[in-house]
file coords_9.pdb (PDB, C-alpha atoms and all ligand atoms)
ATOM      1  CA  MET M   1      -8.206  -3.100 -78.002
ATOM      2  CA  ARG M   2      -6.319  -3.917 -74.779
ATOM      3  CA  SER M   3      -7.801  -6.500 -72.397
ATOM      4  CA  ILE M   4      -7.582  -6.378 -68.622
ATOM      5  CA  PRO M   5      -8.697  -9.423 -66.620
ATOM      6  CA  ALA M   6     -11.539  -8.644 -64.227
ATOM      7  CA  ASP M   7      -9.442 -10.181 -61.429
ATOM      8  CA  ALA M   8      -6.902  -7.375 -61.790
ATOM      9  CA  VAL M   9      -9.645  -4.778 -61.296
ATOM     10  CA  ILE M  10     -11.093  -6.668 -58.316
ATOM     11  CA  LYS M  11      -7.688  -6.993 -56.609
ATOM     12  CA  ALA M  12      -6.771  -3.336 -57.223
ATOM     13  CA  VAL M  13     -10.046  -2.101 -55.725
ATOM     14  CA  GLU M  14      -9.804  -4.537 -52.805
ATOM     15  CA  ASP M  15      -6.273  -3.301 -51.992
ATOM     16  CA  MET M  16      -7.296   0.363 -52.246
ATOM     17  CA  CYS M  17     -10.237  -0.102 -49.863
ATOM     18  CA  ILE M  18      -8.013  -1.717 -47.234
ATOM     19  CA  HIS M  19      -4.951   0.526 -47.585
ATOM     20  CA  ALA M  20      -6.869   3.809 -47.818
ATOM     21  CA  ASN M  21      -8.718   3.023 -44.604
ATOM     22  CA  ARG M  22      -5.437   2.430 -42.744
ATOM     23  CA  TYR M  23      -3.082   4.983 -44.251
ATOM     24  CA  LEU M  24      -3.795   8.698 -44.340
ATOM     25  CA  PRO M  25      -2.323  10.121 -47.592
ATOM     26  CA  GLN M  26       0.950  12.021 -47.285
ATOM     27  CA  ASP M  27      -0.470  15.280 -48.666
ATOM     28  CA  VAL M  28      -3.126  15.246 -45.924
ATOM     29  CA  ARG M  29      -0.506  14.520 -43.232
ATOM     30  CA  ASP M  30       1.729  17.321 -44.511
ATOM     31  CA  CYS M  31      -1.153  19.778 -44.567
ATOM     32  CA  LEU M  32      -2.213  18.797 -41.030
ATOM     33  CA  GLU M  33       1.368  19.355 -39.830
ATOM     34  CA  ARG M  34       1.597  22.792 -41.464
ATOM     35  CA  SER M  35      -1.762  23.804 -39.998
ATOM     36  CA  SER M  36      -0.880  22.506 -36.561
ATOM     37  CA  ALA M  37       2.194  24.728 -36.495
ATOM     38  CA  SER M  38       0.057  27.815 -37.072
ATOM     39  CA  GLU M  39      -2.295  27.119 -34.133
ATOM     40  CA  THR M  40      -1.643  28.895 -30.836
ATOM     41  CA  SER M  41      -4.616  27.667 -28.787
ATOM     42  CA  PRO M  42      -3.804  24.632 -26.586
ATOM     43  CA  ALA M  43      -7.139  22.952 -27.479
ATOM     44  CA  ALA M  44      -6.477  23.192 -31.213
ATOM     45  CA  ARG M  45      -2.913  21.928 -30.834
ATOM     46  CA  GLU M  46      -4.159  19.011 -28.729
ATOM     47  CA  VAL M  47      -6.667  18.035 -31.430
ATOM     48  CA  PHE M  48      -3.882  18.026 -34.020
ATOM     49  CA  ARG M  49      -1.761  15.892 -31.682
ATOM     50  CA  GLN M  50      -4.597  13.394 -31.328
ATOM     51  CA  ILE M  51      -5.186  13.306 -35.085
ATOM     52  CA  ARG M  52      -1.468  12.556 -35.602
ATOM     53  CA  GLU M  53      -1.474   9.867 -32.896
ATOM     54  CA  ASN M  54      -4.545   8.313 -34.511
ATOM     55  CA  TYR M  55      -3.093   8.076 -38.023
ATOM     56  CA  GLU M  56       0.226   6.748 -36.700
ATOM     57  CA  LEU M  57      -1.596   4.080 -34.672
ATOM     58  CA  ALA M  58      -3.787   3.108 -37.626
ATOM     59  CA  GLU M  59      -0.712   2.631 -39.790
ATOM     60  CA  LYS M  60       1.115   0.545 -37.181
ATOM     61  CA  SER M  61      -1.824  -1.555 -36.012
ATOM     62  CA  GLY M  62      -3.737  -2.051 -39.261
ATOM     63  CA  LEU M  63      -6.886  -0.761 -37.602
ATOM     64  CA  PRO M  64      -9.073   1.659 -39.583
ATOM     65  CA  LEU M  65      -8.414   5.394 -39.274
ATOM     66  CA  CYS M  66     -12.034   5.940 -38.234
ATOM     67  CA  GLN M  67     -14.944   3.800 -37.070
ATOM     68  CA  ASP M  68     -16.841   5.171 -40.077
ATOM     69  CA  CYS M  69     -15.079   3.434 -42.971
ATOM     70  CA  GLY M  70     -17.308   5.293 -45.376
ATOM     71  CA  LEU M  71     -19.344   4.563 -48.426
ATOM     72  CA  ALA M  72     -17.050   3.477 -51.247
ATOM     73  CA  VAL M  73     -16.980   6.238 -53.872
ATOM     74  CA  LEU M  74     -15.062   5.583 -57.086
ATOM     75  CA  LEU M  75     -14.285   7.923 -59.956
ATOM     76  CA  VAL M  76     -13.277   5.853 -62.946
ATOM     77  CA  ASP M  77     -11.736   7.052 -66.230
ATOM     78  CA  VAL M  78     -12.141   4.317 -68.810
ATOM     79  CA  GLY M  79      -9.992   4.436 -71.946
ATOM     80  CA  ASP M  80     -11.930   3.854 -75.154
ATOM     81  CA  ASP M  81      -9.376   1.203 -76.217
ATOM     82  CA  VAL M  82      -9.621  -1.044 -73.164
ATOM     83  CA  HIS M  83     -11.885  -3.969 -72.386
ATOM     84  CA  VAL M  84     -12.422  -5.828 -69.095
ATOM     85  CA  GLU M  85     -12.437  -9.562 -69.614
ATOM     86  CA  GLY M  86     -14.583 -11.934 -67.584
ATOM     87  CA  MET M  87     -16.875  -9.486 -65.819
ATOM     88  CA  ASN M  88     -18.623  -6.179 -66.340
ATOM     89  CA  LEU M  89     -16.439  -3.310 -65.031
ATOM     90  CA  ARG M  90     -19.086  -2.092 -62.571
ATOM     91  CA  GLU M  91     -19.508  -5.617 -61.192
ATOM     92  CA  ALA M  92     -15.738  -6.055 -60.877
ATOM     93  CA  ILE M  93     -15.443  -2.797 -58.924
ATOM     94  CA  ASN M  94     -18.280  -3.806 -56.604
ATOM     95  CA  GLU M  95     -16.659  -7.203 -56.066
ATOM     96  CA  GLY M  96     -13.401  -5.443 -55.122
ATOM     97  CA  VAL M  97     -15.272  -3.268 -52.616
ATOM     98  CA  ARG M  98     -17.054  -6.322 -51.222
ATOM     99  CA  ARG M  99     -13.759  -8.205 -50.696
ATOM    100  CA  GLY M 100     -11.839  -5.188 -49.424
ATOM    101  CA  TYR M 101     -14.392  -4.275 -46.760
ATOM    102  CA  ASP M 102     -14.679  -7.919 -45.730
ATOM    103  CA  LYS M 103     -10.958  -8.783 -45.599
ATOM    104  CA  GLY M 104      -9.982  -5.434 -44.107
ATOM    105  CA  LEU M 105     -12.569  -5.827 -41.325
ATOM    106  CA  LEU M 106     -13.941  -2.426 -42.299
ATOM    107  CA  ARG M 107     -17.330  -1.213 -41.148
ATOM    108  CA  LYS M 108     -20.023  -1.689 -43.787
ATOM    109  CA  SER M 109     -22.214   1.397 -43.900
ATOM    110  CA  ALA M 110     -24.419   0.904 -46.980
ATOM    111  CA  CYS M 111     -28.091   0.401 -46.148
ATOM    112  CA  ASP M 112     -31.583   0.678 -47.605
ATOM    113  CA  PRO M 113     -32.691   4.323 -47.251
ATOM    114  CA  PHE M 114     -36.106   3.396 -45.785
ATOM    115  CA  THR M 115     -35.769   0.116 -43.902
ATOM    116  CA  ARG M 116     -32.160   0.966 -42.885
ATOM    117  CA  VAL M 117     -31.323  -2.717 -43.401
ATOM    118  CA  ASN M 118     -27.580  -2.998 -44.044
ATOM    119  CA  THR M 119     -26.532  -4.491 -47.409
ATOM    120  CA  LYS M 120     -23.786  -6.179 -45.338
ATOM    121  CA  ASP M 121     -20.923  -5.751 -47.833
ATOM    122  CA  ASN M 122     -20.773  -1.970 -48.373
ATOM    123  CA  THR M 123     -22.072  -2.309 -51.925
ATOM    124  CA  PRO M 124     -23.344  -0.989 -54.187
ATOM    125  CA  ALA M 125     -20.432   1.425 -54.450
ATOM    126  CA  ILE M 126     -21.066   4.927 -55.791
ATOM    127  CA  ILE M 127     -19.290   4.891 -59.155
ATOM    128  CA  HIS M 128     -18.876   7.745 -61.624
ATOM    129  CA  PHE M 129     -17.525   6.706 -65.046
ATOM    130  CA  ASP M 130     -15.877   8.953 -67.614
ATOM    131  CA  MET M 131     -14.795   7.833 -71.079
ATOM    132  CA  VAL M 132     -11.296   9.053 -71.980
ATOM    133  CA  PRO M 133      -8.866   8.403 -74.851
ATOM    134  CA  GLY M 134      -6.346   5.568 -74.414
ATOM    135  CA  ASP M 135      -6.142   1.957 -73.266
ATOM    136  CA  LYS M 136      -5.987   2.340 -69.494
ATOM    137  CA  ILE M 137      -8.422   2.414 -66.594
ATOM    138  CA  HIS M 138      -7.754   5.029 -63.927
ATOM    139  CA  ILE M 139      -9.618   4.277 -60.692
ATOM    140  CA  ARG M 140      -9.758   6.762 -57.815
ATOM    141  CA  PHE M 141     -11.241   5.538 -54.542
ATOM    142  CA  MET M 142     -12.563   7.535 -51.593
ATOM    143  CA  ALA M 143     -13.917   6.212 -48.310
ATOM    144  CA  LYS M 144     -16.549   8.904 -47.741
ATOM    145  CA  GLY M 145     -17.733   9.261 -44.169
ATOM    146  CA  GLY M 146     -21.346  10.073 -43.368
ATOM    147  CA  GLY M 147     -20.658  12.924 -40.937
ATOM    148  CA  SER M 148     -19.104  15.213 -43.510
ATOM    149  CA  GLU M 149     -21.332  14.044 -46.364
ATOM    150  CA  ASN M 150     -24.398  14.970 -44.282
ATOM    151  CA  MET M 151     -23.196  18.566 -44.076
ATOM    152  CA  SER M 152     -22.817  18.870 -47.867
ATOM    153  CA  ARG M 153     -25.363  20.776 -49.972
ATOM    154  CA  VAL M 154     -26.394  21.548 -53.534
ATOM    155  CA  THR M 155     -28.297  24.650 -54.580
ATOM    156  CA  MET M 156     -29.357  26.496 -57.719
ATOM    157  CA  LEU M 157     -28.297  30.131 -57.522
ATOM    158  CA  THR M 158     -29.396  32.746 -60.017
ATOM    159  CA  PRO M 159     -26.707  33.922 -62.434
ATOM    160  CA  ALA M 160     -26.993  37.415 -60.935
ATOM    161  CA  GLN M 161     -25.811  36.119 -57.555
ATOM    162  CA  GLY M 162     -22.415  35.292 -59.072
ATOM    163  CA  TRP M 163     -19.290  34.967 -56.953
ATOM    164  CA  PRO M 164     -20.702  36.921 -53.952
ATOM    165  CA  GLY M 165     -23.650  34.488 -53.823
ATOM    166  CA  ILE M 166     -21.353  31.473 -54.062
ATOM    167  CA  ARG M 167     -19.039  32.843 -51.377
ATOM    168  CA  ASN M 168     -21.939  33.579 -48.982
ATOM    169  CA  PHE M 169     -23.480  30.150 -49.502
ATOM    170  CA  VAL M 170     -20.213  28.359 -48.764
ATOM    171  CA  LEU M 171     -19.394  30.455 -45.699
ATOM    172  CA  ASN M 172     -22.909  30.086 -44.236
ATOM    173  CA  LEU M 173     -22.792  26.342 -44.850
ATOM    174  CA  VAL M 174     -19.413  25.862 -43.167
ATOM    175  CA  ALA M 175     -20.535  28.027 -40.220
ATOM    176  CA  GLU M 176     -23.775  26.070 -39.875
ATOM    177  CA  ALA M 177     -21.930  22.735 -40.091
ATOM    178  CA  GLY M 178     -19.683  23.752 -37.185
ATOM    179  CA  PRO M 179     -18.028  20.704 -35.593
ATOM    180  CA  ASN M 180     -20.313  18.119 -37.281
ATOM    181  CA  PRO M 181     -18.083  17.275 -40.272
ATOM    182  CA  CYS M 182     -15.033  16.663 -38.018
ATOM    183  CA  PRO M 183     -12.936  19.695 -38.947
ATOM    184  CA  PRO M 184     -10.390  20.588 -40.121
ATOM    185  CA  THR M 185     -12.239  19.896 -43.338
ATOM    186  CA  ILE M 186     -11.551  20.070 -47.038
ATOM    187  CA  ILE M 187     -14.176  21.926 -49.044
ATOM    188  CA  GLY M 188     -14.888  20.599 -52.538
ATOM    189  CA  ILE M 189     -16.927  23.004 -54.652
ATOM    190  CA  GLY M 190     -18.596  22.288 -57.978
ATOM    191  CA  ILE M 191     -19.834  25.302 -59.926
ATOM    192  CA  GLY M 192     -21.834  24.981 -63.141
ATOM    193  CA  GLY M 193     -23.120  22.001 -65.073
ATOM    194  CA  THR M 194     -26.599  20.970 -63.979
ATOM    195  CA  PHE M 195     -28.347  20.122 -60.697
ATOM    196  CA  ASP M 196     -26.939  16.582 -60.862
ATOM    197  CA  TYR M 197     -23.502  17.375 -62.298
ATOM    198  CA  ALA M 198     -22.368  20.107 -59.880
ATOM    199  CA  PRO M 199     -21.993  17.575 -56.992
ATOM    200  CA  VAL M 200     -19.920  15.299 -59.228
ATOM    201  CA  LEU M 201     -17.622  18.251 -59.921
ATOM    202  CA  ALA M 202     -17.394  18.908 -56.180
ATOM    203  CA  LYS M 203     -16.483  15.264 -55.523
ATOM    204  CA  LYS M 204     -13.808  15.353 -58.239
ATOM    205  CA  ALA M 205     -12.432  18.573 -56.776
ATOM    206  CA  LEU M 206     -11.907  16.816 -53.433
ATOM    207  CA  LEU M 207      -9.482  14.394 -55.048
ATOM    208  CA  ARG M 208      -6.917  17.057 -55.909
ATOM    209  CA  LYS M 209      -3.796  17.018 -53.729
ATOM    210  CA  LEU M 210      -3.880  19.327 -50.728
ATOM    211  CA  GLY M 211      -1.673  22.357 -51.157
ATOM    212  CA  ASP M 212      -1.600  22.132 -54.967
ATOM    213  CA  VAL M 213      -2.331  25.164 -57.124
ATOM    214  CA  ASN M 214      -5.419  25.379 -59.323
ATOM    215  CA  PRO M 215      -4.094  25.758 -62.887
ATOM    216  CA  ASP M 216      -6.803  28.381 -63.566
ATOM    217  CA  PRO M 217      -5.540  31.606 -61.898
ATOM    218  CA  ARG M 218      -9.132  32.875 -61.485
ATOM    219  CA  LEU M 219     -10.153  29.739 -59.561
ATOM    220  CA  ASP M 220      -6.895  29.707 -57.630
ATOM    221  CA  ALA M 221      -7.651  33.217 -56.334
ATOM    222  CA  MET M 222     -11.209  32.164 -55.376
ATOM    223  CA  GLU M 223      -9.934  29.085 -53.513
ATOM    224  CA  LYS M 224      -7.429  31.158 -51.530
ATOM    225  CA  GLU M 225      -9.990  33.847 -50.723
ATOM    226  CA  LEU M 226     -12.545  31.301 -49.493
ATOM    227  CA  LEU M 227     -10.013  29.354 -47.430
ATOM    228  CA  ALA M 228      -8.917  32.533 -45.649
ATOM    229  CA  ASP M 229     -12.558  33.544 -45.029
ATOM    230  CA  ILE M 230     -13.481  30.079 -43.712
ATOM    231  CA  ASN M 231     -10.517  30.017 -41.362
ATOM    232  CA  ARG M 232     -11.558  33.393 -39.971
ATOM    233  CA  LEU M 233     -14.812  31.763 -38.744
ATOM    234  CA  GLY M 234     -12.888  30.439 -35.726
ATOM    235  CA  ILE M 235     -14.582  27.006 -35.636
ATOM    236  CA  GLY M 236     -11.184  25.314 -35.484
ATOM    237  CA  PRO M 237     -10.165  21.643 -35.249
ATOM    238  CA  MET M 238     -13.136  19.529 -34.068
ATOM    239  CA  GLY M 239     -14.998  22.778 -33.370
ATOM    240  CA  LEU M 240     -12.889  23.681 -30.334
ATOM    241  CA  GLY M 241     -11.766  27.032 -31.757
ATOM    242  CA  GLY M 242      -8.661  27.967 -33.712
ATOM    243  CA  VAL M 243      -7.444  29.247 -37.035
ATOM    244  CA  THR M 244      -7.814  25.953 -38.927
ATOM    245  CA  THR M 245     -11.434  25.194 -39.767
ATOM    246  CA  SER M 246     -10.469  23.932 -43.237
ATOM    247  CA  LEU M 247      -7.242  22.618 -44.676
ATOM    248  CA  ASP M 248      -8.018  23.498 -48.253
ATOM    249  CA  VAL M 249     -10.694  24.615 -50.722
ATOM    250  CA  LYS M 250     -10.889  23.008 -54.161
ATOM    251  CA  ILE M 251     -13.086  24.337 -56.966
ATOM    252  CA  ALA M 252     -14.054  22.612 -60.215
ATOM    253  CA  VAL M 253     -16.211  24.288 -62.866
ATOM    254  CA  ALA M 254     -18.180  23.405 -65.994
ATOM    255  CA  PRO M 255     -20.301  25.453 -68.402
ATOM    256  CA  CYS M 256     -23.963  25.748 -67.376
ATOM    257  CA  HIS M 257     -27.320  26.926 -68.739
ATOM    258  CA  ILE M 258     -27.640  30.692 -69.308
ATOM    259  CA  ALA M 259     -30.492  30.769 -66.755
ATOM    260  CA  SER M 260     -28.658  28.796 -64.032
ATOM    261  CA  LEU M 261     -25.787  28.870 -61.580
ATOM    262  CA  PRO M 262     -25.645  25.388 -60.004
ATOM    263  CA  LEU M 263     -23.479  25.147 -56.890
ATOM    264  CA  ALA M 264     -22.511  22.067 -54.890
ATOM    265  CA  VAL M 265     -20.422  22.046 -51.736
ATOM    266  CA  ASN M 266     -19.051  18.660 -50.712
ATOM    267  CA  ILE M 267     -17.455  18.709 -47.286
ATOM    268  CA  GLN M 268     -14.693  16.210 -46.518
ATOM    269  CA  CYS M 269     -13.505  15.557 -42.962
ATOM    270  CA  HIS M 270      -9.820  15.561 -41.975
ATOM    271  CA  SER M 271      -9.822  11.767 -42.391
ATOM    272  CA  ALA M 272      -9.530  12.230 -46.146
ATOM    273  CA  ARG M 273      -8.975   8.628 -47.160
ATOM    274  CA  HIS M 274      -8.325   8.149 -50.846
ATOM    275  CA  GLU M 275      -6.125   6.175 -53.226
ATOM    276  CA  GLU M 276      -5.764   5.726 -56.957
ATOM    277  CA  VAL M 277      -4.491   3.163 -59.387
ATOM    278  CA  ILE M 278      -3.934   3.047 -63.138
ATOM    279  CA  LEU M 279      -4.438  -0.330 -64.793
TER
HETATM  280  S1  LIG M 301     -16.791  12.735 -40.531
HETATM  281 FE1  LIG M 301     -14.854  11.651 -41.004
HETATM  282  S2  LIG M 301     -13.635  11.644 -39.098
HETATM  283 FE2  LIG M 301     -15.779  12.178 -38.585
HETATM  284  S3  LIG M 301     -16.698  10.228 -38.007
HETATM  285 FE3  LIG M 301     -17.150  10.544 -40.192
HETATM  286  S4  LIG M 301     -15.463   9.547 -41.294
HETATM  287 FE4  LIG M 301     -14.820   9.726 -39.167
END

call {"tool": "encode", "arguments": {"input": "coords_9.pdb", "output": "structure tokens"}}
result
Amino acid sequence: MRSIPADAVIKAVEDMCIHANRYLPQDVRDCLERSSASETSPAAREVFRQIRENYELAEKSGLPLCQDCGLAVLLVDVGDDVHVEGMNLREAINEGVRRGYDKGLLRKSACDPFTRVNTKDNTPAIIHFDMVPGDKIHIRFMAKGGGSENMSRVTMLTPAQGWPGIRNFVLNLVAEAGPNPCPPTIIGIGIGGTFDYAPVLAKKALLRKLGDVNPDPRLDAMEKELLADINRLGIGPMGLGGVTTSLDVKIAVAPCHIASLPLAVNIQCHSARHEEVIL
């Protein structure tokens, strides 16, 4: 059994919180550049220019990419031959979030759902654990903004609704969301599992690299079809019209009950801040 000191987990999470909030990942930048080149409307091109100026300034100045520094969402694969020494893994991750949001001067957005009193350190983080073979811990961090999360939905379709039902639900949702999730967006879709698991699939789907190819040719075709349909809606960057409402569509699936077709759509804004580390 391999041991990892809790301090190493805390420091890794702290660094990810700070860096992810200042540096837009390269795959997102590349995708924004490609999309910008395909826009002809002056308003859409201007939005892309401002997005680029914003991420370049954030990198140079150390200021956050957005005033909404997000809830800390972490997807953690824990090897079954690794042990964290000195602190429970969940506590260590929360301590890393606490320190990262404090030292990075990042806005703390976690609050009580009724009183709205802020927890003041952006914890508790939203953490999804998976047990995997091996002696490593793989931690993926997202700073998930409220604007795009608010536009996300989960529903239980009937099996008979199938792909046409899924497609209609996603298109109606993106149309209804309009400019609210700060487009151009990334659409994470979870299909299958249960009512609670489909959104986890959707969240995991969002962490794939933009522009990659789904290894399942059936899902790859669905992703491409939906992306083209979404971009025909004409919402455009920040809702000002254009051919880029979304940068990418990512689908993850799991087997489900014979009577069910769970569907979750997790919308991510263009400020897709994420990082990962393997310890
Ligand atoms: S949706 Fe994204 S870009 Fe818009 S305010 Fe929230 S975090 Fe910032």

call {"tool": "atom_distance", "arguments": {"input": "coords_9.pdb", "atom1": "atom CA of Gly190 of chain M", "atom2": "atom CA of His128 of chain M"}}
result
15.0 Å

call {"tool": "atom_distance", "arguments": {"input": "coords_9.pdb", "atom1": "atom CA of Lys11 of chain M", "atom2": "atom CA of Cys269 of chain M"}}
result
27.0 Å

call {"tool": "resolve_selection", "arguments": {"input": "coords_9.pdb", "expression": "the PyMOL selection byres (((chain M and resi 74) around 10) and not hetatm)", "output": "MDAnalysis selection string"}}
result
chainID M and resid 13 71:73 75:77 93:94 97 125:129 139:143 203:204 274:276

call {"tool": "write_last_selection", "arguments": {"input": "coords_9.pdb", "atoms": "C-alpha atoms", "output": "CSV table (one decimal), keeping the file's coordinate frame"}}
result
chain,number,residue,atom,x,y,z
M,13,VAL,CA,-10.0,-2.1,-55.7
M,71,LEU,CA,-19.3,4.6,-48.4
M,72,ALA,CA,-17.0,3.5,-51.2
M,73,VAL,CA,-17.0,6.2,-53.9
M,75,LEU,CA,-14.3,7.9,-60.0
M,76,VAL,CA,-13.3,5.9,-62.9
M,77,ASP,CA,-11.7,7.1,-66.2
M,93,ILE,CA,-15.4,-2.8,-58.9
M,94,ASN,CA,-18.3,-3.8,-56.6
M,97,VAL,CA,-15.3,-3.3,-52.6
M,125,ALA,CA,-20.4,1.4,-54.4
M,126,ILE,CA,-21.1,4.9,-55.8
M,127,ILE,CA,-19.3,4.9,-59.2
M,128,HIS,CA,-18.9,7.7,-61.6
M,129,PHE,CA,-17.5,6.7,-65.0
M,139,ILE,CA,-9.6,4.3,-60.7
M,140,ARG,CA,-9.8,6.8,-57.8
M,141,PHE,CA,-11.2,5.5,-54.5
M,142,MET,CA,-12.6,7.5,-51.6
M,143,ALA,CA,-13.9,6.2,-48.3
M,203,LYS,CA,-16.5,15.3,-55.5
M,204,LYS,CA,-13.8,15.4,-58.2
M,274,HIS,CA,-8.3,8.1,-50.8
M,275,GLU,CA,-6.1,6.2,-53.2
M,276,GLU,CA,-5.8,5.7,-57.0

call {"tool": "residues_near_ligand", "arguments": {"input": "coords_9.pdb", "ligand": "ligand LIG 301 (chain M)", "cutoff": "9 Å", "atoms": "all atoms listed in the file", "output": "number ranges by chain"}}
result
M: 65-70, 143-150, 180-183, 185, 268-273

call {"tool": "atom_distance", "arguments": {"input": "coords_9.pdb", "atom1": "atom CA of Gln50 of chain M", "atom2": "atom CA of Ser38 of chain M"}}
result
16.2 Å

call {"tool": "closest_atom_pairs", "arguments": {"input": "coords_9.pdb", "of": "segment 164-194 of chain M", "to": "segment 227-247 of chain M", "cutoff": "10 Å", "atoms": "only C-alpha atoms", "output": "tab-separated table"}}
result
residue	atom	partner	partner_atom	distance
M:Arg167	CA	M:Asp229	CA	9.1
M:Val170	CA	M:Ile230	CA	8.6
M:Leu171	CA	M:Ile230	CA	6.2
M:Asn172	CA	M:Ile230	CA	9.4
M:Val174	CA	M:Ile230	CA	7.3
M:Ala175	CA	M:Leu233	CA	7.0
M:Ala177	CA	M:Ile235	CA	9.6
M:Gly178	CA	M:Gly239	CA	6.1
M:Pro179	CA	M:Gly239	CA	4.3
M:Asn180	CA	M:Met238	CA	8.0
M:Pro181	CA	M:Met238	CA	8.2
M:Cys182	CA	M:Met238	CA	5.2
M:Pro183	CA	M:Met238	CA	4.9
M:Pro184	CA	M:Ser246	CA	4.6
M:Thr185	CA	M:Ser246	CA	4.4
M:Ile186	CA	M:Ser246	CA	5.5
M:Ile187	CA	M:Ser246	CA	7.2

call {"tool": "closest_residue", "arguments": {"input": "coords_9.pdb", "among": "M:Met222, M:Leu105, M:Ala58, M:Leu261", "to": "Leu157 of chain M", "atoms": "only C-alpha atoms"}}
result
M:Leu261

call {"tool": "closest_residue", "arguments": {"input": "coords_9.pdb", "among": "M:Leu57, M:Ile278, M:Cys256, M:Ala198", "to": "Val9 of chain M", "atoms": "only C-alpha atoms"}}
result
M:Ile278

call {"tool": "resolve_selection", "arguments": {"input": "coords_9.pdb", "expression": "the PyMOL selection byres (((chain M and resi 26) around 12) and not hetatm)", "output": "list in words"}}
result
Ala20, Tyr23, Leu24, Pro25, Asp27, Val28, Arg29, Asp30, Cys31, Leu32, Glu33, Arg52, Tyr55, Glu56, Lys209, Leu210, Gly211, Ser271, Ala272, Arg273, His274 and Glu275 of chain M

call {"tool": "closest_residue", "arguments": {"input": "coords_9.pdb", "among": "M:Gly100, M:Gly193, M:Pro262, M:Gly188", "to": "Thr155 of chain M", "atoms": "all atoms listed in the file"}}
result
M:Pro262
